[in-house]
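Here is the file input03.cif (mmCIF, C-alpha atoms).
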```cif
data_query
loop_
_atom_site.label_atom_id
_atom_site.label_comp_id
_atom_site.auth_asym_id
_atom_site.auth_seq_id
_atom_site.Cartn_x
_atom_site.Cartn_y
_atom_site.Cartn_z
CA MET A 1 22.84 5.66 29.68
CA THR A 2 23.53 7.13 26.24
CA SER A 3 21.46 9.98 24.84
CA ALA A 4 19.97 7.60 22.24
CA ALA A 5 18.96 5.18 25.00
CA ARG A 6 17.35 8.02 26.96
CA ARG A 7 15.38 9.06 23.87
CA GLU A 8 14.23 5.50 23.32
CA GLU A 9 13.21 5.16 26.96
CA GLU A 10 11.20 8.38 26.71
CA ALA A 11 9.39 7.10 23.60
CA ARG A 12 8.46 3.86 25.33
CA ARG A 13 7.22 5.81 28.37
CA LEU A 14 5.01 7.93 26.11
CA ASP A 15 3.54 4.77 24.58
CA GLU A 16 2.81 3.33 28.01
CA THR A 17 1.11 6.47 29.32
CA ASP A 18 -0.73 7.77 26.24
CA PRO A 19 -4.49 8.29 26.80
CA LEU A 20 -5.27 6.22 23.68
CA PRO A 21 -3.38 2.92 23.78
CA THR A 22 -2.21 1.72 20.41
CA LEU A 23 -4.44 -0.61 18.41
CA ARG A 24 -1.36 -1.97 16.62
CA GLY A 25 -2.29 -5.53 17.63
CA GLU A 26 -5.41 -5.31 15.47
CA PHE A 27 -3.30 -4.84 12.33
CA LEU A 28 -0.82 -6.95 10.39
CA VAL A 29 2.50 -5.09 10.50
CA PRO A 30 5.19 -6.09 7.99
CA PRO A 31 8.40 -7.58 9.38
CA ALA A 32 11.49 -5.42 9.61
CA PRO A 33 14.70 -6.52 7.89
CA GLY A 34 17.94 -6.73 9.80
CA GLY A 35 16.71 -8.32 13.03
CA ALA A 36 16.96 -5.27 15.31
CA TYR A 37 13.16 -5.12 15.56
CA ALA A 38 10.56 -7.72 14.68
CA GLU A 39 8.19 -5.31 12.97
CA ALA A 40 8.60 -2.38 10.63
CA ALA A 41 8.00 1.16 11.77
CA TYR A 42 5.31 1.80 9.18
CA PHE A 43 4.88 5.43 8.09
CA ALA A 44 3.31 4.83 4.65
CA GLY A 45 -0.31 4.67 5.77
CA ASN A 46 -1.01 7.82 3.76
CA SER A 47 -0.25 5.70 0.70
CA LEU A 48 -1.60 2.28 1.74
CA GLY A 49 -2.90 1.51 5.20
CA LEU A 50 -2.13 -1.72 7.01
CA GLN A 51 -4.49 -4.68 6.89
CA PRO A 52 -6.82 -5.04 9.87
CA ARG A 53 -6.71 -8.59 11.21
CA ALA A 54 -10.52 -8.73 11.08
CA VAL A 55 -10.55 -8.44 7.29
CA ALA A 56 -9.53 -12.02 6.57
CA ASP A 57 -12.39 -13.45 8.67
CA ARG A 58 -14.86 -11.03 7.11
CA LEU A 59 -13.85 -12.07 3.60
CA ARG A 60 -14.02 -15.76 4.52
CA GLU A 61 -17.59 -15.25 5.69
CA GLU A 62 -18.57 -13.75 2.34
CA LEU A 63 -16.79 -16.51 0.42
CA ASP A 64 -18.52 -19.10 2.58
CA ASP A 65 -21.92 -17.52 1.92
CA TRP A 66 -21.20 -17.51 -1.81
CA ALA A 67 -20.20 -21.20 -1.66
CA ARG A 68 -23.26 -22.22 0.39
CA LEU A 69 -25.92 -20.01 -1.11
CA ALA A 70 -24.78 -18.98 -4.58
CA VAL A 71 -27.33 -16.55 -6.02
CA GLU A 72 -29.49 -16.81 -2.90
CA GLY A 73 -26.77 -14.95 -1.04
CA HIS A 74 -28.23 -11.73 -2.41
CA THR A 75 -31.06 -12.10 0.09
CA ARG A 76 -29.98 -14.84 2.51
CA ALA A 77 -26.30 -14.15 3.25
CA ARG A 78 -25.31 -13.14 6.77
CA ARG A 79 -25.12 -9.63 5.35
CA PRO A 80 -27.43 -9.82 2.31
CA TRP A 81 -25.61 -8.61 -0.78
CA VAL A 82 -28.49 -6.80 -2.42
CA ASP A 83 -28.31 -3.95 0.09
CA TYR A 84 -24.82 -4.56 1.48
CA HIS A 85 -23.70 -0.99 0.76
CA GLU A 86 -26.30 0.29 3.20
CA LEU A 87 -24.32 -1.26 6.06
CA LEU A 88 -21.60 1.30 5.36
CA ARG A 89 -23.88 4.31 5.20
CA GLU A 90 -24.12 5.33 8.85
CA PRO A 91 -20.48 4.68 9.86
CA ALA A 92 -19.29 6.51 6.74
CA ALA A 93 -21.61 9.41 7.54
CA ARG A 94 -20.22 9.63 11.07
CA LEU A 95 -16.68 9.54 9.70
CA VAL A 96 -17.14 12.56 7.42
CA GLY A 97 -19.74 14.55 9.37
CA ALA A 98 -22.70 13.92 7.10
CA LEU A 99 -26.30 12.79 7.19
CA PRO A 100 -26.66 9.11 6.28
CA ARG A 101 -28.58 9.90 3.09
CA GLU A 102 -25.71 12.12 1.94
CA VAL A 103 -23.10 9.36 1.61
CA VAL A 104 -22.60 6.25 -0.46
CA ALA A 105 -19.75 3.76 -0.88
CA MET A 106 -19.08 3.14 -4.57
CA ASN A 107 -16.51 3.03 -7.36
CA SER A 108 -13.05 4.56 -7.00
CA LEU A 109 -12.09 8.11 -6.07
CA THR A 110 -11.52 9.52 -9.55
CA VAL A 111 -14.60 7.80 -10.97
CA ASN A 112 -16.63 9.45 -8.21
CA LEU A 113 -15.07 12.85 -8.94
CA HIS A 114 -16.07 12.49 -12.59
CA LEU A 115 -19.62 11.51 -11.59
CA MET A 116 -19.78 14.55 -9.34
CA MET A 117 -18.45 16.87 -12.03
CA ALA A 118 -20.94 15.43 -14.52
CA SER A 119 -23.60 16.76 -12.17
CA PHE A 120 -22.05 19.90 -10.73
CA TYR A 121 -19.57 21.31 -13.22
CA ARG A 122 -21.86 23.30 -15.49
CA PRO A 123 -19.82 25.99 -17.26
CA ALA A 124 -21.92 28.82 -18.68
CA GLY A 125 -21.14 32.32 -19.88
CA ASP A 126 -18.18 33.78 -18.02
CA ARG A 127 -18.44 31.20 -15.24
CA THR A 128 -16.32 28.37 -16.63
CA ARG A 129 -13.16 28.07 -14.53
CA ILE A 130 -12.13 25.22 -12.25
CA VAL A 131 -9.90 26.07 -9.27
CA ILE A 132 -7.44 23.48 -7.97
CA GLU A 133 -4.19 23.72 -6.03
CA ASP A 134 -0.97 23.69 -8.03
CA ALA A 135 0.26 20.71 -5.99
CA ALA A 136 -2.94 18.74 -6.60
CA PHE A 137 -2.59 15.00 -6.95
CA PRO A 138 -2.00 14.28 -10.66
CA SER A 139 -5.25 12.33 -11.03
CA ASP A 140 -7.21 15.44 -10.03
CA SER A 141 -5.30 17.50 -12.58
CA TYR A 142 -6.08 14.97 -15.29
CA ALA A 143 -9.74 14.76 -14.27
CA VAL A 144 -10.47 18.49 -14.31
CA ALA A 145 -8.56 19.01 -17.56
CA SER A 146 -10.57 16.26 -19.22
CA GLN A 147 -13.81 17.77 -17.92
CA ALA A 148 -12.87 21.08 -19.53
CA VAL A 149 -12.19 19.31 -22.82
CA HIS A 150 -15.48 17.42 -22.49
CA HIS A 151 -17.25 20.79 -22.43
CA GLY A 152 -15.32 22.08 -25.43
CA LEU A 153 -13.05 24.32 -23.34
CA ASP A 154 -9.29 24.82 -23.32
CA PRO A 155 -7.85 23.39 -20.06
CA ALA A 156 -5.01 25.90 -20.12
CA ALA A 157 -7.51 28.74 -19.88
CA THR A 158 -10.11 26.92 -17.78
CA VAL A 159 -8.11 25.28 -14.97
CA VAL A 160 -6.71 27.73 -12.40
CA ARG A 161 -3.82 26.32 -10.34
CA LEU A 162 -3.43 28.24 -7.09
CA ARG A 163 0.21 28.47 -6.00
CA PRO A 164 1.79 29.31 -2.64
CA ARG A 165 3.54 32.63 -2.25
CA PRO A 166 7.13 32.75 -3.51
CA GLY A 167 9.44 30.93 -1.12
CA GLU A 168 6.56 29.12 0.63
CA ASP A 169 5.35 25.54 0.31
CA ASN A 170 1.73 25.83 1.42
CA LEU A 171 -1.30 27.81 0.31
CA ARG A 172 -2.57 30.46 2.68
CA THR A 173 -6.29 30.40 3.38
CA GLU A 174 -6.50 34.16 2.95
CA ASP A 175 -4.99 33.87 -0.52
CA VAL A 176 -7.53 31.25 -1.59
CA VAL A 177 -10.40 33.28 -0.14
CA GLY A 178 -9.02 36.48 -1.66
CA PHE A 179 -8.87 34.90 -5.11
CA LEU A 180 -12.48 33.76 -4.83
CA GLU A 181 -13.58 37.21 -3.71
CA ARG A 182 -11.82 38.83 -6.67
CA GLU A 183 -12.38 36.25 -9.40
CA GLY A 184 -15.34 34.24 -8.12
CA GLY A 185 -17.65 35.41 -10.88
CA THR A 186 -15.60 33.38 -13.36
CA VAL A 187 -15.37 30.24 -11.22
CA ALA A 188 -17.78 27.36 -11.80
CA LEU A 189 -16.08 24.82 -9.55
CA VAL A 190 -13.61 24.80 -6.66
CA LEU A 191 -12.03 21.36 -6.21
CA LEU A 192 -9.20 21.21 -3.68
CA GLY A 193 -7.62 18.48 -1.58
CA GLY A 194 -8.72 18.58 2.05
CA VAL A 195 -5.22 17.50 3.09
CA ASN A 196 -2.57 18.04 0.46
CA TYR A 197 -0.97 14.77 -0.54
CA LEU A 198 2.50 16.29 -1.00
CA THR A 199 2.90 18.63 1.97
CA GLY A 200 0.36 17.27 4.45
CA GLN A 201 -1.26 20.71 4.78
CA LEU A 202 -4.81 20.63 6.19
CA MET A 203 -6.88 23.19 4.34
CA ASP A 204 -9.44 25.35 6.14
CA MET A 205 -12.33 23.60 4.42
CA ALA A 206 -15.02 25.54 6.26
CA ALA A 207 -13.64 28.98 5.30
CA ILE A 208 -12.87 28.05 1.70
CA THR A 209 -16.25 26.40 1.19
CA LYS A 210 -17.99 29.49 2.55
CA ALA A 211 -15.99 31.77 0.24
CA GLY A 212 -16.56 29.60 -2.80
CA ARG A 213 -20.29 29.32 -2.29
CA ALA A 214 -20.55 33.06 -1.58
CA ALA A 215 -18.89 33.62 -4.95
CA GLY A 216 -21.54 31.50 -6.64
CA ALA A 217 -19.30 28.51 -7.32
CA VAL A 218 -19.84 24.85 -6.56
CA VAL A 219 -17.35 23.60 -3.94
CA GLY A 220 -16.15 20.01 -3.91
CA TRP A 221 -13.36 18.35 -1.94
CA ASP A 222 -10.98 15.50 -2.67
CA LEU A 223 -10.67 13.86 0.75
CA ALA A 224 -8.23 11.10 -0.21
CA HIS A 225 -5.81 12.22 2.51
CA ALA A 226 -8.42 13.65 4.88
CA ALA A 227 -10.97 10.86 5.43
CA GLY A 228 -9.89 8.85 8.45
CA ASN A 229 -7.13 11.39 9.10
CA VAL A 230 -8.90 14.50 10.40
CA PRO A 231 -12.41 15.19 11.74
CA LEU A 232 -14.76 16.39 8.99
CA ARG A 233 -18.08 18.26 9.10
CA LEU A 234 -19.15 18.15 5.47
CA HIS A 235 -22.85 18.76 6.08
CA ASP A 236 -22.34 21.63 8.49
CA TRP A 237 -19.70 23.24 6.26
CA ASP A 238 -22.25 23.27 3.42
CA VAL A 239 -19.92 21.41 1.05
CA ASP A 240 -21.60 20.61 -2.28
CA PHE A 241 -19.86 17.28 -2.83
CA ALA A 242 -16.81 15.31 -1.76
CA ALA A 243 -15.13 12.04 -2.61
CA TRP A 244 -12.48 9.95 -0.90
CA CYS A 245 -10.61 6.70 -1.26
CA THR A 246 -10.50 4.13 1.53
CA TYR A 247 -7.13 2.44 1.08
CA LYS A 248 -4.99 5.07 2.82
CA TYR A 249 -5.92 6.10 6.35
CA LEU A 250 -9.04 3.91 6.15
CA ASN A 251 -7.01 0.69 5.75
CA SER A 252 -9.40 -1.06 3.37
CA GLY A 253 -6.91 -2.58 0.93
CA PRO A 254 -5.31 -1.64 -2.40
CA GLY A 255 -7.83 -0.12 -4.80
CA ALA A 256 -10.64 -0.42 -2.23
CA VAL A 257 -14.12 0.92 -2.90
CA ALA A 258 -14.30 4.68 -2.40
CA GLY A 259 -16.82 6.98 -0.74
CA CYS A 260 -18.87 9.92 -1.93
CA PHE A 261 -20.84 12.76 -0.31
CA VAL A 262 -23.59 14.85 -1.87
CA HIS A 263 -25.22 17.55 0.25
CA GLU A 264 -28.87 16.95 1.05
CA ARG A 265 -29.99 20.07 -0.83
CA HIS A 266 -28.79 18.33 -4.00
CA VAL A 267 -30.08 14.86 -3.22
CA ARG A 268 -33.54 16.36 -2.71
CA ASP A 269 -33.35 18.21 -6.03
CA ALA A 270 -34.59 15.93 -8.79
CA SER A 271 -33.50 18.46 -11.43
CA VAL A 272 -29.77 17.87 -10.77
CA PRO A 273 -28.44 16.03 -13.86
CA LYS A 274 -26.56 12.81 -13.24
CA LEU A 275 -25.18 9.79 -15.02
CA SER A 276 -27.35 6.86 -14.07
CA GLY A 277 -27.17 3.10 -13.68
CA TRP A 278 -29.20 0.21 -12.26
CA TRP A 279 -28.35 0.74 -8.59
CA GLY A 280 -29.27 4.42 -8.87
CA THR A 281 -32.98 3.66 -8.87
CA GLU A 282 -35.27 3.13 -5.88
CA PRO A 283 -34.67 -0.33 -4.35
CA ALA A 284 -38.42 -0.97 -4.17
CA VAL A 285 -38.75 -0.84 -7.96
CA ARG A 286 -35.26 -1.98 -8.99
CA PHE A 287 -36.32 -5.50 -9.91
CA ARG A 288 -39.36 -4.44 -11.91
CA MET A 289 -36.82 -3.77 -14.67
CA ASP A 290 -38.56 -0.55 -15.72
CA PRO A 291 -36.85 1.39 -18.53
CA ASP A 292 -37.27 4.70 -16.67
CA ILE A 293 -35.25 5.40 -13.54
CA ALA A 294 -36.79 6.43 -10.22
CA PRO A 295 -33.82 7.89 -8.30
CA PRO A 296 -34.06 7.98 -4.50
CA ALA A 297 -33.61 11.23 -2.55
CA SER A 298 -30.16 10.18 -1.35
CA ALA A 299 -26.61 9.89 -2.59
CA ASP A 300 -27.57 6.41 -3.78
CA ALA A 301 -29.01 8.12 -6.85
CA TRP A 302 -25.42 8.49 -8.12
CA GLN A 303 -24.73 4.74 -7.91
CA LEU A 304 -24.24 2.95 -11.18
CA SER A 305 -23.74 -0.72 -10.39
CA ASN A 306 -24.49 -3.37 -7.80
CA PRO A 307 -22.09 -3.37 -4.83
CA PRO A 308 -18.86 -5.44 -5.13
CA ILE A 309 -19.22 -7.48 -1.95
CA MET A 310 -15.66 -8.81 -1.69
CA ALA A 311 -14.36 -5.26 -2.08
CA LEU A 312 -16.83 -3.70 0.36
CA ALA A 313 -16.23 -6.22 3.15
CA PRO A 314 -12.79 -4.77 4.13
CA VAL A 315 -14.22 -1.24 4.06
CA LEU A 316 -16.97 -2.24 6.48
CA ALA A 317 -14.48 -3.96 8.78
CA SER A 318 -12.33 -0.83 8.83
CA LEU A 319 -15.23 1.56 9.43
CA GLU A 320 -16.20 -0.51 12.45
CA ILE A 321 -12.79 0.26 13.99
CA PHE A 322 -13.22 3.99 13.40
CA ASP A 323 -16.71 3.88 14.86
CA ARG A 324 -15.38 2.17 17.97
CA VAL A 325 -12.43 4.52 18.55
CA GLY A 326 -13.84 7.81 17.25
CA MET A 327 -12.20 10.44 15.05
CA ASP A 328 -11.78 12.96 17.87
CA ALA A 329 -9.65 10.54 19.90
CA LEU A 330 -7.67 9.54 16.81
CA ARG A 331 -7.09 13.16 15.86
CA ALA A 332 -5.84 14.01 19.34
CA LYS A 333 -3.38 11.12 19.28
CA SER A 334 -2.25 11.95 15.74
CA GLU A 335 -1.38 15.46 16.92
CA ARG A 336 0.65 14.01 19.78
CA LEU A 337 2.50 11.57 17.52
CA THR A 338 3.10 14.06 14.71
CA GLY A 339 4.24 16.71 17.17
CA HIS A 340 6.65 14.30 18.84
CA LEU A 341 8.08 13.24 15.49
CA ALA A 342 8.47 16.88 14.42
CA SER A 343 10.35 17.71 17.61
CA ARG A 344 12.67 14.75 17.12
CA LEU A 345 13.37 15.69 13.48
CA ALA A 346 13.93 19.40 14.09
CA PRO A 347 17.63 19.07 15.01
CA VAL A 348 18.45 16.63 12.19
CA GLY A 349 20.67 18.36 9.66
CA GLY A 350 19.86 18.09 5.97
CA VAL A 351 16.12 17.74 6.65
CA GLU A 352 13.59 20.53 6.06
CA ILE A 353 10.02 19.96 7.23
CA ILE A 354 7.70 21.56 4.67
CA THR A 355 4.47 20.56 6.42
CA PRO A 356 2.92 23.46 8.41
CA ALA A 357 4.29 23.70 11.96
CA ASP A 358 0.84 24.52 13.39
CA PRO A 359 -0.82 21.22 14.41
CA ALA A 360 -4.22 22.64 13.41
CA ALA A 361 -2.93 23.20 9.86
CA ARG A 362 -1.64 19.71 9.16
CA GLY A 363 -2.90 16.17 9.05
CA THR A 364 -1.14 13.03 10.21
CA GLN A 365 1.88 13.62 8.01
CA LEU A 366 5.28 15.26 7.93
CA SER A 367 6.85 15.94 4.54
CA LEU A 368 10.60 16.35 4.53
CA ARG A 369 12.63 18.05 1.82
CA VAL A 370 15.84 16.06 1.47
CA ALA A 371 18.39 15.17 -1.18
CA ASP A 372 17.85 11.87 -3.06
CA ALA A 373 14.41 11.19 -1.57
CA GLY A 374 13.95 7.87 -3.37
CA GLY A 375 17.34 6.53 -2.33
CA LEU A 376 16.81 7.66 1.24
CA VAL A 377 13.47 5.83 1.48
CA ARG A 378 15.11 2.62 0.26
CA ARG A 379 17.89 2.93 2.81
CA LEU A 380 15.42 3.66 5.62
CA ALA A 381 13.62 0.41 4.88
CA GLU A 382 16.63 -1.79 4.18
CA ALA A 383 18.90 -0.60 6.99
CA HIS A 384 16.40 0.39 9.69
CA GLY A 385 13.03 -1.22 8.93
CA VAL A 386 11.41 2.24 8.66
CA VAL A 387 8.85 2.32 5.85
CA ALA A 388 8.13 5.74 4.34
CA ASP A 389 7.54 6.92 0.79
CA ALA A 390 9.12 9.41 -1.58
CA ARG A 391 7.71 11.95 -3.98
CA GLU A 392 10.44 12.79 -6.43
CA PRO A 393 12.64 14.62 -6.60
CA ASP A 394 13.11 15.71 -3.00
CA VAL A 395 10.20 14.92 -0.65
CA VAL A 396 9.98 12.06 1.86
CA ARG A 397 6.59 11.61 3.53
CA LEU A 398 6.11 10.15 7.01
CA ALA A 399 2.61 9.44 8.31
CA PRO A 400 2.45 8.44 12.01
CA VAL A 401 -1.02 6.89 11.74
CA PRO A 402 -2.46 6.74 15.28
CA LEU A 403 -4.22 3.39 14.87
CA TYR A 404 -0.96 1.47 14.61
CA CYS A 405 2.04 3.82 14.83
CA THR A 406 3.74 4.40 18.19
CA PHE A 407 6.04 6.92 19.80
CA HIS A 408 8.72 4.26 19.60
CA ASP A 409 8.17 4.11 15.82
CA CYS A 410 8.76 7.87 15.75
CA HIS A 411 11.96 7.35 17.73
CA ARG A 412 13.14 4.76 15.22
CA ALA A 413 12.39 7.03 12.28
CA ALA A 414 14.20 10.00 13.80
CA GLU A 415 17.26 7.94 14.74
CA ALA A 416 17.35 6.38 11.28
CA LEU A 417 17.14 9.74 9.53
CA ALA A 418 19.84 11.19 11.74
CA ASP A 419 22.04 8.23 10.84
CA LEU A 420 21.40 8.39 7.10
CA VAL A 421 21.14 12.12 6.46
#
```

Would you mind writing the file out in structure tokens?
Amino acid sequence: MTSAARREEEARRLDETDPLPTLRGEFLVPPAPGGAYAEAAYFAGNSLGLQPRAVADRLREELDDWARLAVEGHTRARRPWVDYHELLREPAARLVGALPREVVAMNSLTVNLHLMMASFYRPAGDRTRIVIEDAAFPSDSYAVASQAVHHGLDPAATVVRLRPRPGEDNLRTEDVVGFLEREGGTVALVLLGGVNYLTGQLMDMAAITKAGRAAGAVVGWDLAHAAGNVPLRLHDWDVDFAAWCTYKYLNSGPGAVAGCFVHERHVRDASVPKLSGWWGTEPAVRFRMDPDIAPPASADAWQLSNPPIMALAPVLASLEIFDRVGMDALRAKSERLTGHLASRLAPVGGVEIITPADPAARGTQLSLRVADAGGLVRRLAEAHGVVADAREPDVVRLAPVPLYCTFHDCHRAAEALADLV
């Protein structure tokens, strides 16, 4: 038996004996070109998750209710539309470690960040600065810069971009905490990514939140790459607010409706300013059409519009999977998969893993520094049926999502990289 065959046999044995069997059969996996394997080894779930098979039936039910009931579907559909978003409240709260009244499914990620900053970014006196990571996702950079401009401030002086130490790729928690201890009196808002989109680093959200709040700042988190990836305890960590998308690890479809968290101390505080809309008033009085809003003591007070049913249906179907499996089990398997992939990639020449080596300091992702990242990703897909993504100029990202990725997928990715690099 060749060494490659032995490695493949070991990967298949790991799949057969893993404590959490794969749920791959519950997802639609793209075909692989070339004929060597029927399905792709899909490692781009940190960009767009695969479609759960249950989604099509769920959407057909909503379309059928619309066809049969028309406007009466708001109250008579199988899942009445008027309060459809409430079906997502408890599973979303369990997903992010929140109380049900602290979460709401609405809008898109960046819209929700702007709504949160409209309420919680209140620059005054010397306390005006916004702290983000230098490798923040561009949308976050644009959002905080525009918020500074909205308040008549210069983004160049207002937005602080924390950088790793020279020669390093990841922020150290002690450096973030140290900055807040030294400069916290000038910081109005800390807004970091829970898992960095570029490197896959999992931030110590509990420690950073504690330091930011001790400094007198508001602490919010962009959980685009954390929700559905790592266990979260937003309420217990005393996070002020958070927002996340649902089309990556949460597999809810391109541009799917996002989620938002507001700590209960804020939802109980009627003095917190907010941008308001029709669905942000108490349901009991919503259809009285009063000109004055009566916001509920929940994150629903930040809602603007009625729920988009066809867009929420896939989110609900996905959350049901997470509820059934549980984040702790998924996290344990993601550590096994990511660790196995890391061990297989370690001897591959021309590949540098920039994601932290400590499993506790990374999510379900390995970022590789390689030459010609974009070209390599194309060759991985075309020649080997391995789907990854590139962040130019030199980073390839692989996300072994535990719901549908396997140890054999990791074997395929490692063999393909060894062949191409």

Original post:
What separation in Å, quoted to one decimal, exists between CA of Phe137 (chain A) and CA of Glu320 (chain A)?
Top reply: 28.3 Å

Original post:
Skipping near chain neighbours, those fewer than 3 positions away, what residues fall within 8 Å of region 74-84 of chain A using all atoms listed in the file, listed as a list in words?
Top reply: Glu62, Asp65, Trp66, Leu69, Val71, Leu87, Leu88, Asn306, Pro307 and Ile309 of chain A

**OP:** Kindly extract all protein, DNA and RNA residues lying within 8 Å of the coordinates (-5.4, 3.6, 18.8) given in the file, considering all atoms listed in the file, and supply them as a list in words.
**Re:**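 Here is the list of nearby residues: Leu20, Pro21, Thr22, Leu23, Arg24, Val325, Leu330, Lys333, Pro402, Leu403 and Tyr404 of chain A.
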
Residues within 8 Å of (-15.4, 9.6, 10.8), counting all atoms listed in the file, listed as a tab-separated table (two decimals) with C-alpha atoms, in the coordinates of the input:
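Once everything was written out, this is part-v5.tsv:
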```
chain	number	residue	atom	x	y	z
A	91	PRO	CA	-20.48	4.68	9.86
A	92	ALA	CA	-19.29	6.51	6.74
A	93	ALA	CA	-21.61	9.41	7.54
A	94	ARG	CA	-20.22	9.63	11.07
A	95	LEU	CA	-16.68	9.54	9.70
A	96	VAL	CA	-17.14	12.56	7.42
A	97	GLY	CA	-19.74	14.55	9.37
A	227	ALA	CA	-10.97	10.86	5.43
A	228	GLY	CA	-9.89	8.85	8.45
A	231	PRO	CA	-12.41	15.19	11.74
A	232	LEU	CA	-14.76	16.39	8.99
A	322	PHE	CA	-13.22	3.99	13.40
A	323	ASP	CA	-16.71	3.88	14.86
A	326	GLY	CA	-13.84	7.81	17.25
A	327	MET	CA	-12.20	10.44	15.05
```

Counting only C-alpha atoms, give me one row per residue of region 38-102 of chain A with an atom at most 7 Å from an atom of region 244-266 of chain A, showing the shortest contact pair and its distance in Å to one decimal, sorted by chain then residue number, as CSV.
```
residue,atom,partner,partner_atom,distance
A:Gly45,CA,A:Lys248,CA,5.5
A:Asn46,CA,A:Lys248,CA,4.9
A:Ser47,CA,A:Lys248,CA,5.2
A:Leu48,CA,A:Lys248,CA,4.5
A:Gly49,CA,A:Asn251,CA,4.2
A:Leu50,CA,A:Asn251,CA,5.6
A:Gln51,CA,A:Asn251,CA,6.0
A:Glu102,CA,A:Val262,CA,5.1
```
